[in-house]
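As provided, work-v4.tsv (TSV, C-alpha atoms and all ligand atoms) reads as follows.
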chain	number	residue	atom	x	y	z
A	1	MET	CA	145.69	57.48	134.97
A	2	SER	CA	147.35	60.39	136.70
A	3	GLN	CA	149.60	62.79	134.88
A	4	SER	CA	152.77	64.39	135.99
A	5	ILE	CA	151.84	68.03	136.51
A	6	PRO	CA	151.90	70.76	135.43
A	7	LEU	CA	150.82	69.81	131.93
A	8	ARG	CA	152.72	71.76	129.27
A	9	LEU	CA	150.25	73.46	126.94
A	10	GLY	CA	150.80	74.75	123.41
A	11	VAL	CA	147.91	77.04	122.47
A	12	LEU	CA	147.03	77.70	118.82
A	13	GLY	CA	144.67	80.55	117.91
A	14	SER	CA	143.79	82.83	115.03
A	15	GLY	CA	141.70	85.49	116.74
A	16	LYS	CA	141.19	87.72	119.72
A	17	GLY	CA	142.27	85.13	122.24
A	18	SER	CA	139.55	85.34	124.89
A	19	ASN	CA	139.71	81.60	125.54
A	20	PHE	CA	143.48	81.76	125.89
A	21	VAL	CA	143.12	84.62	128.41
A	22	ALA	CA	140.61	82.58	130.44
A	23	ILE	CA	142.96	79.59	130.46
A	24	ALA	CA	146.03	81.68	131.35
A	25	ASP	CA	144.14	83.46	134.14
A	26	ALA	CA	142.86	80.18	135.56
A	27	ILE	CA	146.40	78.77	135.54
A	28	ALA	CA	147.70	81.93	137.26
A	29	GLY	CA	144.91	81.60	139.82
A	30	GLY	CA	146.02	78.06	140.63
A	31	SER	CA	142.92	76.18	139.46
A	32	VAL	CA	144.49	74.47	136.42
A	33	PRO	CA	147.65	72.39	136.96
A	34	ALA	CA	149.24	73.42	133.68
A	35	LYS	CA	151.63	75.90	132.11
A	36	VAL	CA	151.32	77.57	128.72
A	37	VAL	CA	154.75	77.13	127.14
A	38	LEU	CA	153.92	78.40	123.65
A	39	VAL	CA	151.21	80.39	121.88
A	40	ALA	CA	151.28	80.16	118.09
A	41	SER	CA	149.10	81.87	115.52
A	42	ASP	CA	148.59	81.76	111.77
A	43	VAL	CA	147.61	85.46	111.89
A	44	ASP	CA	150.51	87.82	112.50
A	45	ASP	CA	148.48	90.55	114.26
A	46	ALA	CA	146.12	88.24	116.18
A	47	GLY	CA	145.00	89.44	119.60
A	48	ILE	CA	146.04	86.10	121.08
A	49	LEU	CA	149.73	86.93	120.39
A	50	ARG	CA	149.32	90.33	122.09
A	51	HIS	CA	147.76	88.68	125.15
A	52	ALA	CA	150.63	86.17	125.27
A	53	ALA	CA	153.22	88.96	125.12
A	54	GLU	CA	151.45	90.86	127.92
A	55	ARG	CA	151.74	87.76	130.08
A	56	GLY	CA	155.37	87.03	129.21
A	57	ILE	CA	154.41	83.80	127.46
A	58	PRO	CA	156.39	82.93	124.29
A	59	GLY	CA	154.30	83.71	121.22
A	60	ARG	CA	155.07	82.96	117.59
A	61	TYR	CA	153.48	83.81	114.29
A	62	LEU	CA	153.88	80.78	112.09
A	63	ALA	CA	152.88	81.36	108.47
A	64	PRO	CA	150.16	78.95	107.34
A	65	GLY	CA	151.30	78.62	103.73
A	66	GLN	CA	149.32	78.64	100.54
A	67	PHE	CA	145.90	77.32	101.59
A	68	ARG	CA	142.96	79.16	103.14
A	69	THR	CA	141.50	76.50	105.42
A	70	LYS	CA	144.44	74.27	106.30
A	71	LEU	CA	148.22	74.35	106.75
A	72	ASP	CA	150.38	73.43	103.78
A	73	GLU	CA	153.03	70.75	104.22
A	74	ALA	CA	155.88	73.12	105.11
A	75	ALA	CA	153.70	74.98	107.59
A	76	GLU	CA	152.51	71.75	109.19
A	77	THR	CA	156.15	70.73	109.65
A	78	ALA	CA	156.96	74.11	111.22
A	79	TYR	CA	154.01	73.90	113.66
A	80	ILE	CA	154.98	70.36	114.70
A	81	ALA	CA	158.61	71.41	115.18
A	82	ALA	CA	157.72	74.48	117.27
A	83	LEU	CA	155.39	72.49	119.54
A	84	ARG	CA	157.94	69.70	119.93
A	85	GLU	CA	160.73	72.17	120.64
A	86	ALA	CA	158.59	73.66	123.43
A	87	GLU	CA	158.01	70.10	124.75
A	88	VAL	CA	154.27	70.51	124.63
A	89	ASP	CA	152.17	67.76	126.25
A	90	LEU	CA	148.77	68.99	125.08
A	91	VAL	CA	147.88	71.11	122.05
A	92	VAL	CA	144.98	73.44	122.90
A	93	LEU	CA	143.08	74.89	119.94
A	94	ALA	CA	141.56	78.19	121.01
A	95	GLY	CA	139.91	79.64	117.93
A	96	PHE	CA	142.47	78.20	115.50
A	97	MET	CA	140.59	78.51	112.23
A	98	ARG	CA	142.43	75.92	110.19
A	99	ILE	CA	141.71	72.22	109.94
A	100	LEU	CA	144.47	70.06	111.35
A	101	LYS	CA	144.79	66.54	110.07
A	102	GLY	CA	147.22	63.93	108.79
A	103	GLU	CA	150.77	64.44	109.88
A	104	PHE	CA	149.92	66.94	112.63
A	105	LEU	CA	147.43	64.67	114.35
A	106	ARG	CA	149.78	61.71	114.04
A	107	ALA	CA	152.51	63.79	115.71
A	108	PHE	CA	150.22	64.63	118.65
A	109	GLU	CA	147.89	61.67	118.57
A	110	GLY	CA	145.18	61.96	121.22
A	111	ARG	CA	146.84	65.11	122.55
A	112	VAL	CA	144.92	67.83	120.72
A	113	VAL	CA	141.81	69.45	122.19
A	114	ASN	CA	139.44	72.04	120.70
A	115	ILE	CA	136.57	74.23	121.79
A	116	HIS	CA	133.60	74.51	119.48
A	117	PRO	CA	130.73	77.00	119.84
A	118	SER	CA	127.82	74.52	119.77
A	119	LEU	CA	126.60	71.42	121.53
A	120	LEU	CA	128.23	68.84	119.27
A	121	PRO	CA	127.32	66.74	117.37
A	122	SER	CA	124.89	69.53	116.40
A	123	PHE	CA	126.25	72.29	114.18
A	124	PRO	CA	129.84	71.31	113.40
A	125	GLY	CA	131.84	73.61	111.13
A	126	LEU	CA	131.89	77.36	110.76
A	127	ALA	CA	129.76	79.98	112.59
A	128	ALA	CA	128.04	77.32	114.68
A	129	TRP	CA	126.14	79.91	116.74
A	130	LYS	CA	124.60	81.27	113.54
A	131	GLN	CA	123.72	77.76	112.38
A	132	ALA	CA	121.94	77.21	115.72
A	133	LEU	CA	120.07	80.53	115.49
A	134	ASP	CA	119.02	79.87	111.89
A	135	TYR	CA	117.83	76.37	112.77
A	136	GLY	CA	115.72	77.71	115.62
A	137	VAL	CA	116.99	75.59	118.50
A	138	LYS	CA	116.12	76.90	121.97
A	139	VAL	CA	119.31	75.65	123.60
A	140	THR	CA	122.82	75.59	122.22
A	141	GLY	CA	126.20	75.88	123.95
A	142	CYS	CA	129.82	74.90	123.61
A	143	THR	CA	131.86	71.71	123.58
A	144	VAL	CA	135.46	70.83	124.43
A	145	HIS	CA	136.56	67.72	122.57
A	146	TYR	CA	139.58	65.77	121.46
A	147	VAL	CA	140.47	66.38	117.83
A	148	ASP	CA	140.35	63.45	115.45
A	149	GLN	CA	140.53	63.25	111.65
A	150	GLY	CA	136.92	64.43	111.22
A	151	ILE	CA	135.49	67.94	111.52
A	152	ASP	CA	134.43	68.48	115.15
A	153	THR	CA	133.83	64.75	115.61
A	154	GLY	CA	136.30	63.76	118.35
A	155	ALA	CA	135.50	62.38	121.79
A	156	ILE	CA	133.68	64.89	123.98
A	157	ILE	CA	135.41	66.07	127.17
A	158	GLY	CA	132.86	68.60	128.42
A	159	GLN	CA	129.89	70.73	127.41
A	160	ARG	CA	127.98	73.78	128.62
A	161	ALA	CA	124.41	74.59	127.61
A	162	VAL	CA	123.41	78.14	126.71
A	163	PRO	CA	119.80	79.27	126.13
A	164	VAL	CA	118.78	80.94	122.88
A	165	LEU	CA	116.69	83.94	123.94
A	166	ASP	CA	113.87	85.67	122.09
A	167	GLY	CA	115.39	88.60	120.26
A	168	ASP	CA	118.88	87.11	120.10
A	169	THR	CA	121.01	88.18	117.17
A	170	ALA	CA	123.98	86.19	115.97
A	171	ASP	CA	126.19	88.58	117.93
A	172	THR	CA	124.32	88.42	121.25
A	173	LEU	CA	124.11	84.63	121.08
A	174	HIS	CA	127.78	84.32	120.16
A	175	GLU	CA	128.76	86.51	123.12
A	176	ARG	CA	126.70	84.39	125.54
A	177	ILE	CA	128.31	81.22	124.16
A	178	GLN	CA	131.77	82.75	124.49
A	179	GLN	CA	131.11	83.55	128.16
A	180	ALA	CA	130.30	79.86	128.65
A	181	GLU	CA	133.45	78.89	126.73
A	182	ARG	CA	135.59	80.95	129.08
A	183	GLU	CA	134.18	78.97	132.03
A	184	LEU	CA	134.27	75.56	130.39
A	185	TYR	CA	137.70	75.47	128.74
A	186	PRO	CA	139.81	75.95	131.90
A	187	LEU	CA	137.72	73.32	133.71
A	188	ALA	CA	138.12	70.86	130.83
A	189	ILE	CA	141.89	71.38	130.67
A	190	ALA	CA	142.15	70.93	134.43
A	191	ALA	CA	140.29	67.63	134.08
A	192	VAL	CA	142.70	66.51	131.33
A	193	ALA	CA	145.71	67.59	133.41
A	194	ARG	CA	144.44	65.64	136.41
A	195	GLY	CA	143.71	62.54	134.32
A	196	GLU	CA	140.01	62.79	135.18
A	197	VAL	CA	138.54	62.76	131.69
A	198	LYS	CA	136.30	59.87	130.83
A	199	VAL	CA	134.98	59.47	127.34
A	200	ARG	CA	131.98	57.44	126.44
A	201	GLY	CA	130.99	55.97	123.12
A	202	ARG	CA	133.85	57.36	121.10
A	203	LEU	CA	137.20	55.91	122.03
A	204	THR	CA	140.20	58.14	121.85
A	205	SER	CA	143.83	57.36	122.27
A	206	GLY	CA	143.97	60.52	124.39
A	207	PHE	CA	146.77	60.06	126.88
A	208	ALA	CA	144.67	61.41	129.70
A	209	ALA	CA	141.34	59.88	128.76
A	210	ARG	CA	139.85	56.55	129.58
A	211	ALA	CA	136.83	54.95	128.07
A	212	GLU	CA	133.84	54.23	130.23
A	213	ASP	CA	132.05	50.91	130.05
A	214	ARG	CA	134.59	49.19	127.83
B	301	LIG	C1	135.62	80.72	119.97
B	301	LIG	O1	134.30	81.12	120.08
B	301	LIG	C2	135.71	79.27	119.51
B	301	LIG	O2	134.60	78.52	119.92
B	301	LIG	C3	135.71	79.42	118.02
B	301	LIG	O3	136.51	80.55	117.78
B	301	LIG	C4	136.33	81.47	118.85
B	301	LIG	C5	137.68	82.02	119.27
B	301	LIG	O4	137.55	83.07	120.15
B	301	LIG	N1	136.26	78.27	117.41
B	301	LIG	C6	135.73	77.67	116.33
B	301	LIG	O5	134.75	78.11	115.76
B	301	LIG	C7	136.47	76.45	115.85
B	301	LIG	N2	135.71	75.78	114.85
B	301	LIG	P1	138.79	83.60	120.97
B	301	LIG	O6	139.90	83.90	119.99
B	301	LIG	O7	138.30	84.85	121.64
B	301	LIG	O8	139.17	82.53	121.96

As structure tokens, the full file:
Amino acid sequence: MSQSIPLRLGVLGSGKGSNFVAIADAIAGGSVPAKVVLVASDVDDAGILRHAAERGIPGRYLAPGQFRTKLDEAAETAYIAALREAEVDLVVLAGFMRILKGEFLRAFEGRVVNIHPSLLPSFPGLAAWKQALDYGVKVTGCTVHYVDQGIDTGAIIGQRAVPVLDGDTADTLHERIQQAERELYPLAIAAVARGEVKVRGRLTSGFAARAEDR
């Protein structure tokens, strides 16, 4: 299924925004047929908003409401409205540290992607690089996946492996994984934008994905 391009991206992030920068730079360099039309953050001084401003991309702080790990109902409504107003085709989670479910995922069904710092299905949840180090695996990595109602359980779009080296600390391993993320995420979004994503095993209603062998 081919998409009309460029794909309009709404990027949500809570942190420094290195994945957003990699995506924006890849778009500017012509390798990703997409356009970031909105960056939104639940953290008012997040680096991702500064990077958006530097690039002339609309950025908004949208208050998350009363909960620590998810959006409250009013906030969820505000996020949906902002993304709809910007006519976003694909919601790109780039270090957005709140769980999105229910109404939000129904509003953008099959159109939300995330990057996670492990080779899923291993080490879902928080500080995945630290989970991998503590477990003692020799290889970990990162995963781009569609977001479904579970925690880091959606259909996998792409993965990159990263070795765990002798002497790694949580910080050195995290940095190596983040380098891989900055390579993988633009490639994965380009594949979505071009309608080239195939998912296997886990069906998604992703508008740009098709199931293999079904
Ligand atoms: C990334 O490493 C991403 O994998 C992680 O947050 C970081 C954001 O960095 N996301 C999660 O852990 C989601 N569960 P960034 O702000 O520099 O892109």

TODO: Step by step, measure atom-to-atom distances between ligand LIG 301 (chain B) and each residue using all atoms listed in the file, keep those at most 6 Å, then write them as a VMD selection string.
DONE: chain A and resid 15 to 20 94 to 95 97 115 to 117 125 to 126 178

- [ ] Find the residue from A:Ile5, A:Leu173, A:Tyr135, A:His51 that sits nearest to Asp89 in chain A; use all atoms listed in the file when measuring.
- [x]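 Distance minimum relative to Asp89 in chain A lands on A:Ile5.
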
Open item on the list: Measuring between only C-alpha atoms, which one of A:Arg8, A:Lys138, A:Arg111, A:His145 shows the shortest distance to Val164 in chain A?
Closed with: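 Distance minimum relative to Val164 in chain A lands on A:Lys138.
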
TODO: For CA of Gly158 in chain A and CA of Glu54 in chain A, quote the distance in Å rounded to one decimal.
DONE: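 Pair CA of Gly158 in chain A / CA of Glu54 in chain A returns 29.0 Å.
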
Open item on the list: Just checking: using only C-alpha atoms, which residue out of A:Leu71, A:Ile189, A:Ala170, A:Ile57 ends up closest to Val113 in chain A?
Closed with: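 Residue with the minimum atom-to-atom distance to Val113 in chain A: A:Ile189.
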
Open item on the list: When you count only C-alpha atoms, which of these residues is closest to Ala82 in chain A: A:Ser41, A:Ser122, A:Thr169, A:Thr69?
Closed with: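 Of the candidates, the smallest distance to Ala82 in chain A is held by A:Ser41.
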
The centre and edge lengths of an axis-aligned box containing all atoms of range 155-166 of chain A present in the file, extended by 6 Å on each side, are to be given in Å to one decimal, as lines of an AutoDock Vina configuration file.
center_x = 124.7
center_y = 74.0
center_z = 125.2
size_x = 33.6
size_y = 35.3
size_z = 18.8

Open item on the list: Env of Leu12 in chain A: 7 Å cut, atoms = all atoms listed in the file, seq-sep filter 4 positions within chain, self excluded. Answer as a PyMOL selection string.
Closed with: chain A and resi 39-41+92-94+96

Task: Top pick for closest residue to Glu85 in chain A, considering A:Ala132, A:Gly10, A:Val43, A:Gly65 and counting all atoms listed in the file - done: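 That would be A:Gly10, the residue with the smallest distance to Glu85 in chain A.
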
Task: Separation of CA of Gly30 in chain A from CA of Gly154 in chain A, in Å and rounded to one decimal - done: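 According to the coordinates, CA of Gly30 in chain A and CA of Gly154 in chain A are separated by 28.2 Å.
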
TODO: To one decimal in Å, tell me the separation between CA of Glu196 in chain A and CA of Ile80 in chain A.
DONE: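 Pair CA of Glu196 in chain A / CA of Ile80 in chain A returns 26.5 Å.
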
Task: Residue contacts of Gly56 in chain A (12 Å, only C-alpha atoms) excluding same-chain residues fewer than 4 positions away, as a list in words - done: Ala24, Val36, Val37, Leu38, Val39, Leu49, Arg50, His51 and Ala52 of chain A

Write a file of the selected residues as a short mmCIF file (atom, residue, chain, number, x, y, z; two decimals), keeping the file's coordinate frame, keeping C-alpha atoms.
data_model
loop_
_atom_site.label_atom_id
_atom_site.label_comp_id
_atom_site.auth_asym_id
_atom_site.auth_seq_id
_atom_site.Cartn_x
_atom_site.Cartn_y
_atom_site.Cartn_z
CA ALA A 24 146.03 81.68 131.35
CA VAL A 36 151.32 77.57 128.72
CA VAL A 37 154.75 77.13 127.14
CA LEU A 38 153.92 78.40 123.65
CA VAL A 39 151.21 80.39 121.88
CA LEU A 49 149.73 86.93 120.39
CA ARG A 50 149.32 90.33 122.09
CA HIS A 51 147.76 88.68 125.15
CA ALA A 52 150.63 86.17 125.27
#

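Counting all atoms listed in the file and comparing A:Ser31, A:Val137, A:Ala78, A:Asp148, the residue that lies closest to Asp166 in chain A is A:Val137.
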
- [ ] Find the residues with any atom within 12 Å of (148.3, 63.3, 111.5); use all atoms listed in the file and the coordinates as given in the file, and write the answer as number ranges by chain.
- [x] A: 73, 76-77, 80, 99-112, 147-150

TODO: Skip Lys35 in chain A itself and residues of its chain fewer than 6 positions away, then list as a ChimeraX atom specification all residues within 7 Å of it, counting all atoms listed in the file.
DONE: /A:6-9,27
